[in-house]
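Heads up, my_file_37.txt below (compact mmCIF, N, CA and C atoms and all ligand atoms):
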# COMPACT_ATOMS: atom_id res chain seq x y z
N MET A 21 78.94 73.30 -83.18
CA MET A 21 79.47 74.64 -83.00
C MET A 21 80.82 74.77 -83.71
N SER A 22 81.87 74.16 -83.07
CA SER A 22 83.18 74.25 -83.73
C SER A 22 83.18 73.47 -85.04
N ASP A 23 82.18 72.55 -85.21
CA ASP A 23 82.09 71.82 -86.46
C ASP A 23 81.88 72.75 -87.64
N SER A 24 81.36 73.94 -87.36
CA SER A 24 81.06 74.86 -88.44
C SER A 24 82.29 75.65 -88.88
N LEU A 25 83.39 75.54 -88.14
CA LEU A 25 84.59 76.26 -88.57
C LEU A 25 85.13 75.64 -89.85
N PRO A 26 85.35 76.45 -90.88
CA PRO A 26 85.91 75.86 -92.11
C PRO A 26 87.37 75.45 -91.88
N VAL A 27 87.81 74.50 -92.67
CA VAL A 27 89.20 74.05 -92.54
C VAL A 27 90.10 74.91 -93.43
N THR A 28 91.16 75.45 -92.83
CA THR A 28 92.16 76.19 -93.60
C THR A 28 93.31 75.24 -93.92
N ARG A 29 93.54 75.04 -95.20
CA ARG A 29 94.65 74.15 -95.58
C ARG A 29 95.93 74.97 -95.69
N VAL A 30 96.96 74.48 -95.04
CA VAL A 30 98.23 75.22 -94.95
C VAL A 30 99.36 74.28 -95.34
N ALA A 31 100.39 74.82 -95.98
CA ALA A 31 101.58 74.02 -96.29
C ALA A 31 102.80 74.75 -95.73
N ALA A 32 103.69 74.00 -95.07
CA ALA A 32 104.87 74.61 -94.44
C ALA A 32 106.10 73.76 -94.71
N GLY A 33 107.25 74.41 -94.77
CA GLY A 33 108.48 73.73 -95.14
C GLY A 33 109.44 73.56 -93.97
N VAL A 34 109.87 72.32 -93.76
CA VAL A 34 110.93 72.06 -92.78
C VAL A 34 112.23 72.05 -93.59
N ILE A 35 112.91 73.19 -93.54
CA ILE A 35 114.13 73.37 -94.34
C ILE A 35 115.33 73.04 -93.47
N SER A 36 116.15 72.11 -93.94
CA SER A 36 117.32 71.77 -93.14
C SER A 36 118.58 71.97 -93.97
N GLN A 37 119.63 72.34 -93.28
CA GLN A 37 120.90 72.60 -93.96
C GLN A 37 122.01 72.60 -92.91
N GLY A 38 123.04 71.83 -93.14
CA GLY A 38 124.21 71.87 -92.26
C GLY A 38 123.88 71.63 -90.79
N GLY A 39 122.95 70.74 -90.50
CA GLY A 39 122.65 70.41 -89.10
C GLY A 39 121.71 71.37 -88.41
N ARG A 40 121.09 72.26 -89.17
CA ARG A 40 120.16 73.23 -88.57
C ARG A 40 118.85 73.29 -89.34
N TYR A 41 117.82 73.73 -88.63
CA TYR A 41 116.51 73.97 -89.26
C TYR A 41 116.26 75.47 -89.34
N LEU A 42 115.55 75.85 -90.38
CA LEU A 42 115.21 77.27 -90.53
C LEU A 42 113.83 77.53 -89.93
N ILE A 43 113.77 78.41 -88.97
CA ILE A 43 112.48 78.76 -88.36
C ILE A 43 112.23 80.26 -88.51
N ALA A 44 110.96 80.62 -88.52
CA ALA A 44 110.56 82.02 -88.76
C ALA A 44 109.64 82.47 -87.64
N ARG A 45 109.75 83.74 -87.29
CA ARG A 45 108.87 84.27 -86.25
C ARG A 45 107.69 84.98 -86.91
N ARG A 46 106.47 84.58 -86.53
CA ARG A 46 105.28 85.19 -87.12
C ARG A 46 105.18 86.65 -86.73
N LYS A 47 104.72 87.45 -87.67
CA LYS A 47 104.57 88.88 -87.39
C LYS A 47 103.60 89.08 -86.23
N ALA A 48 103.84 90.12 -85.45
CA ALA A 48 103.07 90.34 -84.22
C ALA A 48 101.57 90.43 -84.48
N ASP A 49 101.18 91.01 -85.63
CA ASP A 49 99.75 91.23 -85.88
C ASP A 49 99.08 90.05 -86.59
N ALA A 50 99.81 88.97 -86.84
CA ALA A 50 99.23 87.81 -87.54
C ALA A 50 98.52 86.90 -86.53
N HIS A 51 97.70 85.94 -87.06
CA HIS A 51 97.16 84.88 -86.22
C HIS A 51 98.35 84.18 -85.56
N LEU A 52 98.29 83.94 -84.26
CA LEU A 52 99.40 83.33 -83.50
C LEU A 52 100.67 84.18 -83.59
N GLY A 53 100.47 85.48 -83.62
CA GLY A 53 101.57 86.43 -83.77
C GLY A 53 102.64 86.26 -82.69
N GLY A 54 103.90 86.40 -83.13
CA GLY A 54 105.03 86.31 -82.19
C GLY A 54 105.54 84.90 -81.99
N LEU A 55 104.73 83.89 -82.34
CA LEU A 55 105.21 82.51 -82.20
C LEU A 55 106.14 82.17 -83.37
N TRP A 56 106.95 81.13 -83.17
CA TRP A 56 107.86 80.67 -84.22
C TRP A 56 107.18 79.56 -85.01
N GLU A 57 107.56 79.41 -86.26
CA GLU A 57 106.90 78.42 -87.13
C GLU A 57 107.87 77.95 -88.19
N PHE A 58 107.38 76.97 -88.95
CA PHE A 58 108.06 76.59 -90.18
C PHE A 58 107.41 77.42 -91.28
N PRO A 59 108.24 78.11 -92.06
CA PRO A 59 107.66 79.05 -93.02
C PRO A 59 106.70 78.39 -94.00
N GLY A 60 105.66 79.10 -94.37
CA GLY A 60 104.65 78.58 -95.28
C GLY A 60 103.41 79.43 -95.19
N GLY A 61 102.29 78.88 -95.66
CA GLY A 61 101.06 79.66 -95.60
C GLY A 61 99.90 78.92 -96.20
N LYS A 62 98.82 79.64 -96.41
CA LYS A 62 97.56 79.03 -96.83
C LYS A 62 97.59 78.65 -98.31
N CYS A 63 97.02 77.50 -98.59
CA CYS A 63 96.89 77.07 -99.99
C CYS A 63 95.81 77.92 -100.66
N ASP A 64 96.06 78.32 -101.90
CA ASP A 64 95.03 78.97 -102.70
C ASP A 64 93.98 77.92 -103.06
N PRO A 65 92.76 78.35 -103.41
CA PRO A 65 91.74 77.37 -103.79
C PRO A 65 92.24 76.51 -104.95
N GLY A 66 92.14 75.19 -104.78
CA GLY A 66 92.55 74.27 -105.84
C GLY A 66 94.05 74.03 -105.94
N GLU A 67 94.82 74.70 -105.10
CA GLU A 67 96.29 74.57 -105.17
C GLU A 67 96.75 73.36 -104.34
N ALA A 68 97.59 72.53 -104.93
CA ALA A 68 98.13 71.37 -104.20
C ALA A 68 99.09 71.87 -103.13
N PRO A 69 99.10 71.24 -101.95
CA PRO A 69 100.01 71.68 -100.89
C PRO A 69 101.48 71.75 -101.32
N ALA A 70 101.92 70.80 -102.15
CA ALA A 70 103.33 70.83 -102.58
C ALA A 70 103.62 72.06 -103.44
N ASP A 71 102.63 72.49 -104.24
CA ASP A 71 102.81 73.72 -105.04
C ASP A 71 102.76 74.93 -104.13
N CYS A 72 101.89 74.86 -103.14
CA CYS A 72 101.75 75.97 -102.20
C CYS A 72 103.05 76.23 -101.44
N VAL A 73 103.69 75.16 -100.97
CA VAL A 73 104.89 75.38 -100.16
C VAL A 73 106.00 76.00 -101.02
N LYS A 74 106.07 75.60 -102.27
CA LYS A 74 107.07 76.21 -103.17
C LYS A 74 106.79 77.69 -103.35
N ARG A 75 105.53 78.01 -103.60
CA ARG A 75 105.15 79.41 -103.80
C ARG A 75 105.40 80.23 -102.53
N GLU A 76 104.97 79.69 -101.38
CA GLU A 76 105.10 80.45 -100.13
C GLU A 76 106.57 80.69 -99.77
N LEU A 77 107.42 79.69 -100.02
CA LEU A 77 108.83 79.88 -99.65
C LEU A 77 109.50 80.89 -100.57
N TRP A 78 108.99 80.99 -101.78
CA TRP A 78 109.49 82.03 -102.68
C TRP A 78 109.01 83.41 -102.20
N GLU A 79 107.72 83.50 -101.87
CA GLU A 79 107.16 84.79 -101.45
C GLU A 79 107.70 85.24 -100.09
N GLU A 80 107.84 84.29 -99.16
CA GLU A 80 108.20 84.68 -97.80
C GLU A 80 109.70 84.73 -97.54
N LEU A 81 110.47 83.94 -98.33
CA LEU A 81 111.92 83.85 -98.06
C LEU A 81 112.79 84.18 -99.27
N ALA A 82 112.17 84.27 -100.46
CA ALA A 82 112.91 84.48 -101.71
C ALA A 82 113.89 83.35 -102.00
N VAL A 83 113.47 82.11 -101.72
CA VAL A 83 114.31 80.96 -102.09
C VAL A 83 113.53 80.02 -103.00
N ARG A 84 114.27 79.33 -103.85
CA ARG A 84 113.71 78.26 -104.67
C ARG A 84 114.10 76.95 -104.04
N ILE A 85 113.12 76.03 -103.94
CA ILE A 85 113.41 74.74 -103.33
C ILE A 85 113.27 73.62 -104.35
N GLY A 86 113.90 72.48 -104.06
CA GLY A 86 113.72 71.29 -104.89
C GLY A 86 112.35 70.69 -104.60
N THR A 87 112.09 69.50 -105.12
CA THR A 87 110.79 68.85 -104.91
C THR A 87 110.54 68.65 -103.41
N PRO A 88 109.43 69.22 -102.88
CA PRO A 88 109.15 69.06 -101.45
C PRO A 88 108.78 67.61 -101.13
N ILE A 89 109.30 67.09 -100.05
CA ILE A 89 109.02 65.69 -99.65
C ILE A 89 108.03 65.70 -98.48
N PRO A 90 106.85 65.05 -98.66
CA PRO A 90 105.84 65.08 -97.59
C PRO A 90 106.39 64.45 -96.30
N LEU A 91 106.18 65.14 -95.17
CA LEU A 91 106.64 64.64 -93.87
C LEU A 91 105.46 64.14 -93.03
N CYS A 92 104.46 64.99 -92.86
CA CYS A 92 103.28 64.61 -92.08
C CYS A 92 102.17 65.64 -92.29
N VAL A 93 100.96 65.23 -91.95
CA VAL A 93 99.81 66.14 -92.00
C VAL A 93 99.23 66.21 -90.59
N VAL A 94 99.02 67.44 -90.10
CA VAL A 94 98.51 67.63 -88.74
C VAL A 94 97.20 68.42 -88.81
N ASN A 95 96.17 67.88 -88.16
CA ASN A 95 94.91 68.62 -88.05
C ASN A 95 94.84 69.21 -86.66
N HIS A 96 94.53 70.51 -86.60
CA HIS A 96 94.45 71.14 -85.28
C HIS A 96 93.34 72.18 -85.28
N GLU A 97 92.67 72.26 -84.15
CA GLU A 97 91.58 73.24 -84.04
C GLU A 97 91.96 74.33 -83.06
N TYR A 98 92.11 75.53 -83.57
CA TYR A 98 92.27 76.71 -82.72
C TYR A 98 90.88 77.27 -82.46
N PRO A 99 90.71 78.14 -81.45
CA PRO A 99 89.37 78.65 -81.17
C PRO A 99 88.74 79.35 -82.39
N GLU A 100 89.57 79.97 -83.21
CA GLU A 100 89.02 80.76 -84.30
C GLU A 100 89.24 80.13 -85.68
N ARG A 101 89.93 79.01 -85.75
CA ARG A 101 90.28 78.46 -87.06
C ARG A 101 90.70 76.99 -86.91
N ARG A 102 90.27 76.18 -87.88
CA ARG A 102 90.78 74.80 -87.94
C ARG A 102 91.82 74.74 -89.03
N VAL A 103 92.94 74.14 -88.75
CA VAL A 103 93.97 74.06 -89.79
C VAL A 103 94.29 72.61 -90.13
N GLU A 104 94.58 72.40 -91.39
CA GLU A 104 95.11 71.11 -91.87
C GLU A 104 96.49 71.46 -92.41
N LEU A 105 97.50 71.11 -91.61
CA LEU A 105 98.86 71.54 -91.93
C LEU A 105 99.64 70.45 -92.63
N HIS A 106 100.10 70.75 -93.81
CA HIS A 106 100.91 69.79 -94.57
C HIS A 106 102.38 70.21 -94.44
N PHE A 107 103.14 69.40 -93.71
CA PHE A 107 104.57 69.72 -93.55
C PHE A 107 105.38 68.96 -94.60
N PHE A 108 106.32 69.67 -95.19
CA PHE A 108 107.20 69.07 -96.19
C PHE A 108 108.64 69.30 -95.80
N ARG A 109 109.43 68.32 -96.13
CA ARG A 109 110.86 68.49 -95.99
C ARG A 109 111.36 69.19 -97.25
N CYS A 110 112.12 70.26 -97.08
CA CYS A 110 112.52 71.04 -98.24
C CYS A 110 114.02 71.34 -98.20
N ARG A 111 114.56 71.50 -99.41
CA ARG A 111 115.96 71.84 -99.53
C ARG A 111 116.09 73.07 -100.43
N ILE A 112 116.85 74.04 -99.96
CA ILE A 112 117.02 75.25 -100.78
C ILE A 112 117.93 74.93 -101.96
N GLU A 113 117.45 75.28 -103.14
CA GLU A 113 118.28 75.08 -104.33
C GLU A 113 118.84 76.38 -104.87
N GLU A 114 118.15 77.47 -104.57
CA GLU A 114 118.59 78.78 -105.08
C GLU A 114 118.23 79.86 -104.09
N GLY A 115 119.18 80.72 -103.81
CA GLY A 115 118.90 81.89 -102.97
C GLY A 115 119.29 81.67 -101.52
N GLU A 116 119.30 82.77 -100.79
CA GLU A 116 119.60 82.77 -99.37
C GLU A 116 118.38 83.34 -98.66
N ALA A 117 117.87 82.61 -97.66
CA ALA A 117 116.59 83.00 -97.06
C ALA A 117 116.63 84.41 -96.47
N ARG A 118 115.62 85.18 -96.83
CA ARG A 118 115.47 86.55 -96.30
C ARG A 118 114.11 86.67 -95.61
N PRO A 119 114.01 87.43 -94.54
CA PRO A 119 112.76 87.49 -93.77
C PRO A 119 111.71 88.42 -94.39
N LEU A 120 111.20 88.04 -95.57
CA LEU A 120 110.25 88.91 -96.27
C LEU A 120 108.84 88.81 -95.70
N GLY A 121 108.50 87.61 -95.16
CA GLY A 121 107.11 87.43 -94.70
C GLY A 121 107.01 87.16 -93.22
N CYS A 122 108.06 87.50 -92.48
CA CYS A 122 108.06 87.21 -91.04
C CYS A 122 108.85 88.30 -90.35
N SER A 123 108.88 88.29 -89.02
CA SER A 123 109.63 89.35 -88.35
C SER A 123 111.08 88.96 -88.11
N GLU A 124 111.38 87.65 -88.15
CA GLU A 124 112.75 87.21 -87.85
C GLU A 124 112.95 85.79 -88.38
N LEU A 125 114.18 85.47 -88.74
CA LEU A 125 114.53 84.12 -89.17
C LEU A 125 115.70 83.62 -88.34
N ARG A 126 115.73 82.33 -88.03
CA ARG A 126 116.88 81.74 -87.33
C ARG A 126 117.16 80.36 -87.88
N TRP A 127 118.44 80.01 -87.93
CA TRP A 127 118.86 78.63 -88.21
C TRP A 127 119.20 78.00 -86.87
N VAL A 128 118.48 76.94 -86.47
CA VAL A 128 118.69 76.38 -85.13
C VAL A 128 118.99 74.88 -85.19
N THR A 129 119.72 74.41 -84.19
CA THR A 129 120.01 72.98 -84.09
C THR A 129 118.76 72.27 -83.56
N PRO A 130 118.67 70.95 -83.74
CA PRO A 130 117.50 70.22 -83.22
C PRO A 130 117.30 70.48 -81.72
N GLY A 131 118.38 70.52 -80.96
CA GLY A 131 118.27 70.72 -79.51
C GLY A 131 117.74 72.10 -79.16
N GLU A 132 118.00 73.08 -80.01
CA GLU A 132 117.56 74.46 -79.71
C GLU A 132 116.07 74.68 -80.00
N LEU A 133 115.44 73.74 -80.73
CA LEU A 133 114.04 73.96 -81.13
C LEU A 133 113.14 74.21 -79.91
N SER A 134 113.46 73.57 -78.80
CA SER A 134 112.57 73.71 -77.63
C SER A 134 112.76 75.04 -76.92
N ASP A 135 113.73 75.85 -77.35
CA ASP A 135 113.91 77.19 -76.74
C ASP A 135 112.96 78.21 -77.36
N PHE A 136 112.21 77.79 -78.39
CA PHE A 136 111.34 78.72 -79.10
C PHE A 136 109.88 78.30 -78.95
N ALA A 137 109.00 79.28 -78.84
CA ALA A 137 107.57 78.98 -78.67
C ALA A 137 106.92 78.80 -80.03
N PHE A 138 106.41 77.58 -80.28
CA PHE A 138 105.73 77.24 -81.53
C PHE A 138 104.23 77.09 -81.27
N PRO A 139 103.40 77.20 -82.31
CA PRO A 139 101.96 76.95 -82.13
C PRO A 139 101.73 75.50 -81.69
N PRO A 140 100.65 75.24 -80.95
CA PRO A 140 100.37 73.89 -80.47
C PRO A 140 100.36 72.85 -81.60
N ALA A 141 99.90 73.23 -82.78
CA ALA A 141 99.83 72.26 -83.89
C ALA A 141 101.21 71.71 -84.26
N ASP A 142 102.27 72.41 -83.88
CA ASP A 142 103.62 72.00 -84.27
C ASP A 142 104.32 71.12 -83.23
N HIS A 143 103.70 70.97 -82.05
CA HIS A 143 104.45 70.37 -80.94
C HIS A 143 104.90 68.93 -81.19
N VAL A 144 104.03 68.13 -81.82
CA VAL A 144 104.41 66.72 -82.06
C VAL A 144 105.60 66.67 -83.03
N LEU A 145 105.53 67.46 -84.08
CA LEU A 145 106.62 67.47 -85.06
C LEU A 145 107.93 67.95 -84.40
N ILE A 146 107.83 68.99 -83.59
CA ILE A 146 109.04 69.51 -82.92
C ILE A 146 109.69 68.41 -82.07
N GLU A 147 108.87 67.68 -81.35
CA GLU A 147 109.41 66.60 -80.52
C GLU A 147 110.08 65.53 -81.38
N GLN A 148 109.45 65.23 -82.51
CA GLN A 148 110.05 64.23 -83.42
C GLN A 148 111.40 64.72 -83.94
N LEU A 149 111.45 65.98 -84.35
CA LEU A 149 112.69 66.51 -84.92
C LEU A 149 113.79 66.59 -83.86
N ARG A 150 113.38 66.82 -82.62
CA ARG A 150 114.37 66.89 -81.53
C ARG A 150 114.93 65.51 -81.21
N SER A 151 114.04 64.52 -81.17
CA SER A 151 114.50 63.19 -80.75
C SER A 151 115.15 62.43 -81.89
N GLU A 152 114.70 62.72 -83.10
CA GLU A 152 115.28 62.02 -84.26
C GLU A 152 115.39 62.99 -85.43
N PRO A 153 116.44 63.80 -85.44
CA PRO A 153 116.59 64.80 -86.51
C PRO A 153 116.60 64.13 -87.88
N LEU A 154 116.11 64.87 -88.87
CA LEU A 154 116.15 64.37 -90.24
C LEU A 154 117.62 64.29 -90.66
N PRO A 155 117.94 63.36 -91.55
CA PRO A 155 119.31 63.35 -92.06
C PRO A 155 119.59 64.69 -92.75
N PHE A 156 120.61 65.38 -92.33
CA PHE A 156 120.90 66.70 -92.92
C PHE A 156 121.74 66.55 -94.18
N PRO A 157 121.43 67.37 -95.18
CA PRO A 157 122.24 67.29 -96.40
C PRO A 157 123.64 67.87 -96.15
N1 LIG A 201 103.25 78.54 -91.91
C1 LIG A 201 102.89 77.93 -90.80
N2 LIG A 201 101.63 78.10 -90.29
C2 LIG A 201 101.34 77.45 -89.15
C3 LIG A 201 102.29 76.61 -88.49
N3 LIG A 201 101.68 76.10 -87.37
C4 LIG A 201 100.42 76.58 -87.35
O1 LIG A 201 99.58 76.34 -86.49
N4 LIG A 201 100.21 77.42 -88.42
C5 LIG A 201 98.96 78.12 -88.67
C6 LIG A 201 99.03 79.61 -88.40
C7 LIG A 201 98.01 80.16 -89.36
O2 LIG A 201 96.72 80.07 -88.78
C8 LIG A 201 98.08 79.22 -90.54
C9 LIG A 201 99.05 79.71 -91.61
O3 LIG A 201 98.52 80.80 -92.22
P1 LIG A 201 99.33 82.15 -92.50
O4 LIG A 201 98.68 83.23 -91.74
O5 LIG A 201 100.80 81.97 -92.28
O6 LIG A 201 99.03 82.25 -94.02
P2 LIG A 201 99.80 83.06 -95.15
O7 LIG A 201 101.28 82.89 -95.00
O8 LIG A 201 99.17 82.61 -96.42
O9 LIG A 201 99.52 84.55 -94.77
P3 LIG A 201 98.41 85.58 -95.22
O10 LIG A 201 98.57 85.74 -96.70
O11 LIG A 201 97.09 84.99 -94.82
O12 LIG A 201 98.76 86.79 -94.42
O13 LIG A 201 98.60 77.98 -90.03
C10 LIG A 201 103.59 76.46 -89.04
O14 LIG A 201 104.49 75.76 -88.52
N5 LIG A 201 103.84 77.14 -90.19
MG MG A 202 102.76 82.44 -93.71
What do you get writing this file as structure tokens?
Amino acid sequence: MSDSLPVTRVAAGVISQGGRYLIARRKADAHLGGLWEFPGGKCDPGEAPADCVKRELWEELAVRIGTPIPLCVVNHEYPERRVELHFFRCRIEEGEARPLGCSELRWVTPGELSDFAFPPADHVLIEQLRSEPLPFP
């Protein structure tokens, strides 16, 4: 049954700067609307996740990033969709993030991450970032 759900490949960026992470609130009408996430989106057919995250962060935030560094891959099954989420550590090289593809943006400290509701697929990563934050540039 659920085996027939196709896998949606997604790439998302964990952007850190000055001791904070950038998180985005999903638009109310989107899948998992209203939840907070690491900005990103679906890979185009044949598109490598690292290329996807660069493209998505440009489209959704209007920022250019340096080479994305792979952090982890999470497979999660929602009732209506299976996702294969490729998380990358990213650093902004050009531009200031603007909420073009989300309803809200926030820069939060590792400790504040648990004050925001994230999709279940993100929970393990959130716990990791809270207990052992990435070295901030
Ligand atoms: N970007 C992102 N997506 C996540 C995270 N956690 C998580 O479960 N997802 C899911 C939600 C969605 O089902 C899927 C991402 O797809 P999306 O709807 O954002 O795709 P997109 O930006 O390409 O948007 P669209 O063009 O389809 O409107 O991955 C996360 O931290 N970041
Ligand atoms: Mg998106």
Looking at A:His143, A:Gly61, A:Pro88, A:Val128, which one is nearest to A:Arg46, with distances taken over only C-alpha atoms?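 Going through A:His143, A:Gly61, A:Pro88, A:Val128 one by one, the smallest distance to A:Arg46 is for A:Gly61.
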As a quick test: using only N, CA and C atoms and all ligand atoms, which residues lie no more than 6.5 Å away from ligand LIG 201 (chain A)? Give them as a PyMOL selection string. chain A and resi 30-33+50-52+56-63+103+139-142
Interatomic distance between atom CA of A:Gly53 and atom CA of A:Leu125?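 So the answer is 14.2 Å.
With atom CA of A:Val73 on one side and atom CA of A:Phe108 on the other, the separation reads 7.8 Å.
If you look at atom CA of A:Trp127 and atom CA of A:Leu105, they are 21.5 Å away from each other.
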Return the single residue from A:Cys122, A:Leu145, A:Glu100, A:Gly38 that is closest to ligand MG 202 (chain A), with distances computed using only N, CA and C atoms and all ligand atoms.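 Ranked by minimum distance to ligand MG 202 (chain A), first place goes to A:Cys122.
Distance check against A:Asp135 using only C-alpha atoms: of A:Leu81, A:Pro65, A:Arg150, A:Leu25, the minimum falls on A:Arg150.
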Determine, counting only C-alpha atoms, every residue of protein, DNA or RNA that lies within 12 Å of (113.2, 68.9, -105.7) in the file coordinates, then give the result as a list in words.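 Returned residue set, sorted by chain then number, is Ala70, Asp71, Val73, Lys74, Arg84, Ile85, Gly86, Thr87, Pro88, Ile89, Pro90, Phe108, Arg109, Cys110, Arg111, Ile112, Glu113 and Glu114 of chain A.
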For a quick check of understanding, using only C-alpha atoms and all ligand atoms, which of A:Ser134, A:Ser123, A:Asn95, A:Ser24 has the smallest distance to ligand MG 202 (chain A)?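 So, comparing all the options, the nearest one is A:Ser123.
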From A:Pro99, A:Gly54, A:Gly121, A:Pro69, residue lying nearest ligand MG 202 (chain A) [only C-alpha atoms and all ligand atoms]: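 Ranking A:Pro99, A:Gly54, A:Gly121, A:Pro69 by distance to ligand MG 202 (chain A), first place goes to A:Gly121.
Closest approach to A:Cys72 among A:Arg102, A:Thr129, A:Arg29, A:Val93: A:Arg29, based on only C-alpha atoms.
Excluding A:Ser151 itself and any same-chain residue fewer than 3 positions from it, the protein and nucleic acid residues within 12 Å of it, counting only C-alpha atoms, are Thr129, Pro130, Gly131, Glu132, Leu133, Ser134, Val144, Leu145, Ile146, Glu147, Gln148 and Leu154 of chain A.
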Run DSSP on the backbone and grab whatever in chain A lands in helix (DSSP H, G or I); send it over as number ranges by chain. A: 22-24, 69-81, 130-135, 140-151
To test your reading of the structure, identify every residue in stretch 37-83 of chain A that backbone DSSP assigns to strand (DSSP E), and report it as a PDB file with N, CA and C atoms, in the frame of the given file.
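Heads up, here's the output in states_4.pdb:
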ATOM      1  N   GLN A  37     119.630  72.340 -93.280  1.00  0.00           N
ATOM      2  CA  GLN A  37     120.900  72.600 -93.960  1.00  0.00           C
ATOM      3  C   GLN A  37     122.010  72.600 -92.910  1.00  0.00           C
ATOM      4  N   ARG A  40     121.090  72.260 -89.170  1.00  0.00           N
ATOM      5  CA  ARG A  40     120.160  73.230 -88.570  1.00  0.00           C
ATOM      6  C   ARG A  40     118.850  73.290 -89.340  1.00  0.00           C
ATOM      7  N   TYR A  41     117.820  73.730 -88.630  1.00  0.00           N
ATOM      8  CA  TYR A  41     116.510  73.970 -89.260  1.00  0.00           C
ATOM      9  C   TYR A  41     116.260  75.470 -89.340  1.00  0.00           C
ATOM     10  N   LEU A  42     115.550  75.850 -90.380  1.00  0.00           N
ATOM     11  CA  LEU A  42     115.210  77.270 -90.530  1.00  0.00           C
ATOM     12  C   LEU A  42     113.830  77.530 -89.930  1.00  0.00           C
ATOM     13  N   ILE A  43     113.770  78.410 -88.970  1.00  0.00           N
ATOM     14  CA  ILE A  43     112.480  78.760 -88.360  1.00  0.00           C
ATOM     15  C   ILE A  43     112.230  80.260 -88.510  1.00  0.00           C
ATOM     16  N   ALA A  44     110.960  80.620 -88.520  1.00  0.00           N
ATOM     17  CA  ALA A  44     110.560  82.020 -88.760  1.00  0.00           C
ATOM     18  C   ALA A  44     109.640  82.470 -87.640  1.00  0.00           C
ATOM     19  N   ARG A  45     109.750  83.740 -87.290  1.00  0.00           N
ATOM     20  CA  ARG A  45     108.870  84.270 -86.250  1.00  0.00           C
ATOM     21  C   ARG A  45     107.690  84.980 -86.910  1.00  0.00           C
ATOM     22  N   TRP A  56     106.950  81.130 -83.170  1.00  0.00           N
ATOM     23  CA  TRP A  56     107.860  80.670 -84.220  1.00  0.00           C
ATOM     24  C   TRP A  56     107.180  79.560 -85.010  1.00  0.00           C
ATOM     25  N   GLU A  57     107.560  79.410 -86.260  1.00  0.00           N
ATOM     26  CA  GLU A  57     106.900  78.420 -87.130  1.00  0.00           C
ATOM     27  C   GLU A  57     107.870  77.950 -88.190  1.00  0.00           C
ATOM     28  N   GLY A  60     105.660  79.100 -94.370  1.00  0.00           N
ATOM     29  CA  GLY A  60     104.650  78.580 -95.280  1.00  0.00           C
ATOM     30  C   GLY A  60     103.410  79.430 -95.190  1.00  0.00           C
ATOM     31  N   GLY A  61     102.290  78.880 -95.660  1.00  0.00           N
ATOM     32  CA  GLY A  61     101.060  79.660 -95.600  1.00  0.00           C
ATOM     33  C   GLY A  61      99.900  78.920 -96.200  1.00  0.00           C
ATOM     34  N   LYS A  62      98.820  79.640 -96.410  1.00  0.00           N
ATOM     35  CA  LYS A  62      97.560  79.030 -96.830  1.00  0.00           C
ATOM     36  C   LYS A  62      97.590  78.650 -98.310  1.00  0.00           C
TER      37      LYS A  62
END
